Amino acid sequence: MGQVVGDAEGIVISVDVERGRVTLKHGAIQALGMPAMTMVFRAADSAMLANVKPGDAIRFKVVRAENHFTVTQLAPR
Ligand SMILES: [Cu+2]
């Protein structure tokens, strides 16, 4: 099963730097066929979570590989 990359906008709900997880309330991600929802993502690198906090409005890239969703880029918007 190949990788699929999607772009989306969201709001940070919570951040777990130690475990490299971020919970985002995101809009629809067309490339992944995913409707708007709140869910937990893996972070490709925990360091990318150091500068975000709950309530931040962000734009992000997410990669789906098998059944895992990993955020590979995260930026304020
Ligand atoms: Cu989702």
# chains A, B, ... in the order shown; residues from 1 in each chain; ligands from 1
$ select_by_dssp --residues "chain A" --states "strand (DSSP E or B)" --output "JSON, numbers by chain"
{"A": [4, 5, 6, 7, 8, 9, 10, 11, 12, 13, 14, 15, 16, 21, 22, 23, 24, 25, 26, 29, 34, 37, 38, 39, 40, 41, 42, 43, 57, 58, 59, 60, 61, 62, 63, 64, 65, 68, 69, 70, 71, 72, 73, 74, 75, 76]}
$ residues_near_ligand --ligand "ligand 1" --cutoff "12 Å" --atoms "only C-alpha atoms and all ligand atoms" --output "VMD selection string"
chain A and resid 6 to 10 22 to 42 62 to 64 67 to 71
$ write_last_selection --atoms "N, CA and C atoms" --output "tab-separated table (two decimals), in the first residue's frame"
chain	number	residue	atom	x	y	z
A	6	GLY	N	-1.71	14.51	2.00
A	6	GLY	CA	-2.80	15.48	1.97
A	6	GLY	C	-2.39	16.78	2.62
A	7	ASP	N	-3.09	17.86	2.23
A	7	ASP	CA	-2.89	19.18	2.83
A	7	ASP	C	-4.17	19.57	3.53
A	8	ALA	N	-4.04	20.22	4.66
A	8	ALA	CA	-5.24	20.64	5.37
A	8	ALA	C	-4.95	21.80	6.30
A	9	GLU	N	-6.04	22.40	6.76
A	9	GLU	CA	-5.96	23.44	7.77
A	9	GLU	C	-6.59	22.88	9.03
A	10	GLY	N	-6.11	23.39	10.17
A	10	GLY	CA	-6.69	22.91	11.41
A	10	GLY	C	-6.39	23.83	12.57
A	22	VAL	N	0.11	14.90	18.21
A	22	VAL	CA	-0.61	16.17	18.22
A	22	VAL	C	-2.07	15.90	17.86
A	23	THR	N	-2.97	16.48	18.62
A	23	THR	CA	-4.40	16.36	18.33
A	23	THR	C	-4.84	17.62	17.60
A	24	LEU	N	-5.42	17.42	16.43
A	24	LEU	CA	-5.85	18.54	15.59
A	24	LEU	C	-7.32	18.41	15.26
A	25	LYS	N	-7.99	19.56	15.26
A	25	LYS	CA	-9.34	19.64	14.70
A	25	LYS	C	-9.13	20.13	13.28
A	26	HIS	N	-9.36	19.26	12.30
A	26	HIS	CA	-9.00	19.63	10.92
A	26	HIS	C	-10.20	19.70	10.00
A	27	GLY	N	-10.03	20.44	8.92
A	27	GLY	CA	-11.03	20.49	7.87
A	27	GLY	C	-10.92	19.26	7.00
A	28	ALA	N	-11.77	19.15	6.01
A	28	ALA	CA	-11.74	18.00	5.10
A	28	ALA	C	-10.37	17.88	4.42
A	29	ILE	N	-9.89	16.64	4.28
A	29	ILE	CA	-8.62	16.39	3.58
A	29	ILE	C	-8.96	15.53	2.37
A	30	GLN	N	-9.10	16.21	1.24
A	30	GLN	CA	-9.62	15.54	0.05
A	30	GLN	C	-8.76	14.37	-0.40
A	31	ALA	N	-7.44	14.56	-0.40
A	31	ALA	CA	-6.54	13.52	-0.91
A	31	ALA	C	-6.68	12.22	-0.10
A	32	LEU	N	-7.10	12.36	1.15
A	32	LEU	CA	-7.22	11.19	2.00
A	32	LEU	C	-8.67	10.72	2.13
A	33	GLY	N	-9.58	11.44	1.47
A	33	GLY	CA	-10.98	11.10	1.58
A	33	GLY	C	-11.50	11.21	3.01
A	34	MET	N	-10.93	12.18	3.74
A	34	MET	CA	-11.27	12.30	5.17
A	34	MET	C	-12.11	13.56	5.41
A	35	PRO	N	-13.23	13.39	6.05
A	35	PRO	CA	-14.04	14.56	6.37
A	35	PRO	C	-13.42	15.33	7.54
A	36	ALA	N	-13.99	16.49	7.83
A	36	ALA	CA	-13.53	17.28	8.97
A	36	ALA	C	-13.76	16.49	10.25
A	37	MET	N	-12.81	16.56	11.15
A	37	MET	CA	-12.91	15.84	12.43
A	37	MET	C	-11.81	16.29	13.37
A	38	THR	N	-11.86	15.78	14.58
A	38	THR	CA	-10.76	15.96	15.53
A	38	THR	C	-10.10	14.62	15.73
A	39	MET	N	-8.78	14.56	15.58
A	39	MET	CA	-8.08	13.29	15.71
A	39	MET	C	-6.62	13.49	16.11
A	40	VAL	N	-6.00	12.39	16.53
A	40	VAL	CA	-4.59	12.41	16.94
A	40	VAL	C	-3.72	12.02	15.75
A	41	PHE	N	-2.65	12.75	15.54
A	41	PHE	CA	-1.67	12.44	14.51
A	41	PHE	C	-0.31	12.17	15.16
A	42	ARG	N	0.48	11.35	14.50
A	42	ARG	CA	1.90	11.25	14.84
A	42	ARG	C	2.59	12.46	14.26
A	62	VAL	N	-0.02	15.95	5.79
A	62	VAL	CA	-0.13	14.66	6.47
A	62	VAL	C	0.10	13.53	5.45
A	63	VAL	N	0.83	12.53	5.88
A	63	VAL	CA	1.09	11.37	5.04
A	63	VAL	C	0.38	10.17	5.65
A	64	ARG	N	-0.36	9.45	4.82
A	64	ARG	CA	-0.95	8.19	5.26
A	64	ARG	C	-0.12	7.05	4.71
A	67	ASN	N	-2.05	2.28	8.03
A	67	ASN	CA	-3.16	2.94	8.71
A	67	ASN	C	-2.72	4.07	9.62
A	68	HIS	N	-1.47	4.55	9.41
A	68	HIS	CA	-0.97	5.61	10.28
A	68	HIS	C	-0.98	6.94	9.57
A	69	PHE	N	-1.35	7.96	10.30
A	69	PHE	CA	-1.36	9.32	9.77
A	69	PHE	C	-0.27	10.11	10.46
A	70	THR	N	0.68	10.60	9.68
A	70	THR	CA	1.82	11.32	10.23
A	70	THR	C	1.87	12.73	9.68
A	71	VAL	N	1.95	13.71	10.56
A	71	VAL	CA	2.11	15.10	10.15
A	71	VAL	C	3.57	15.32	9.83
$ atom_distance --atom1 "atom CA of Gly20 of chain A" --atom2 "atom CA of Arg77 of chain A"
21.4 Å
$ residues_around --residues "Asp16 of chain A" --least-positions-apart "2" --cutoff "12 Å" --atoms "only C-alpha atoms" --output "ChimeraX atom specification"
/A:12-14,18-24,40-43,45-54
$ select_by_dssp --residues "segment 6-55 of chain A" --states "helix (DSSP H, G or I)" --output "PyMOL selection string"
chain A and resi 30-32+46-49
$ atom_distance --atom1 "atom CA of Lys61 of chain A" --atom2 "atom CA of Ile11 of chain A"
13.4 Å
$ residues_around --residues "Leu74 of chain A" --least-positions-apart "6" --cutoff "7 Å" --atoms "only C-alpha atoms" --output "compact mmCIF listing (two decimals) with C-alpha atoms, in the first residue's frame"
# COMPACT_ATOMS: atom_id res chain seq x y z
CA ILE A 58 -2.24 25.91 11.48
CA ARG A 59 -1.79 24.52 8.00
CA PHE A 60 -0.27 21.05 7.78
CA LYS A 61 0.75 18.20 5.53
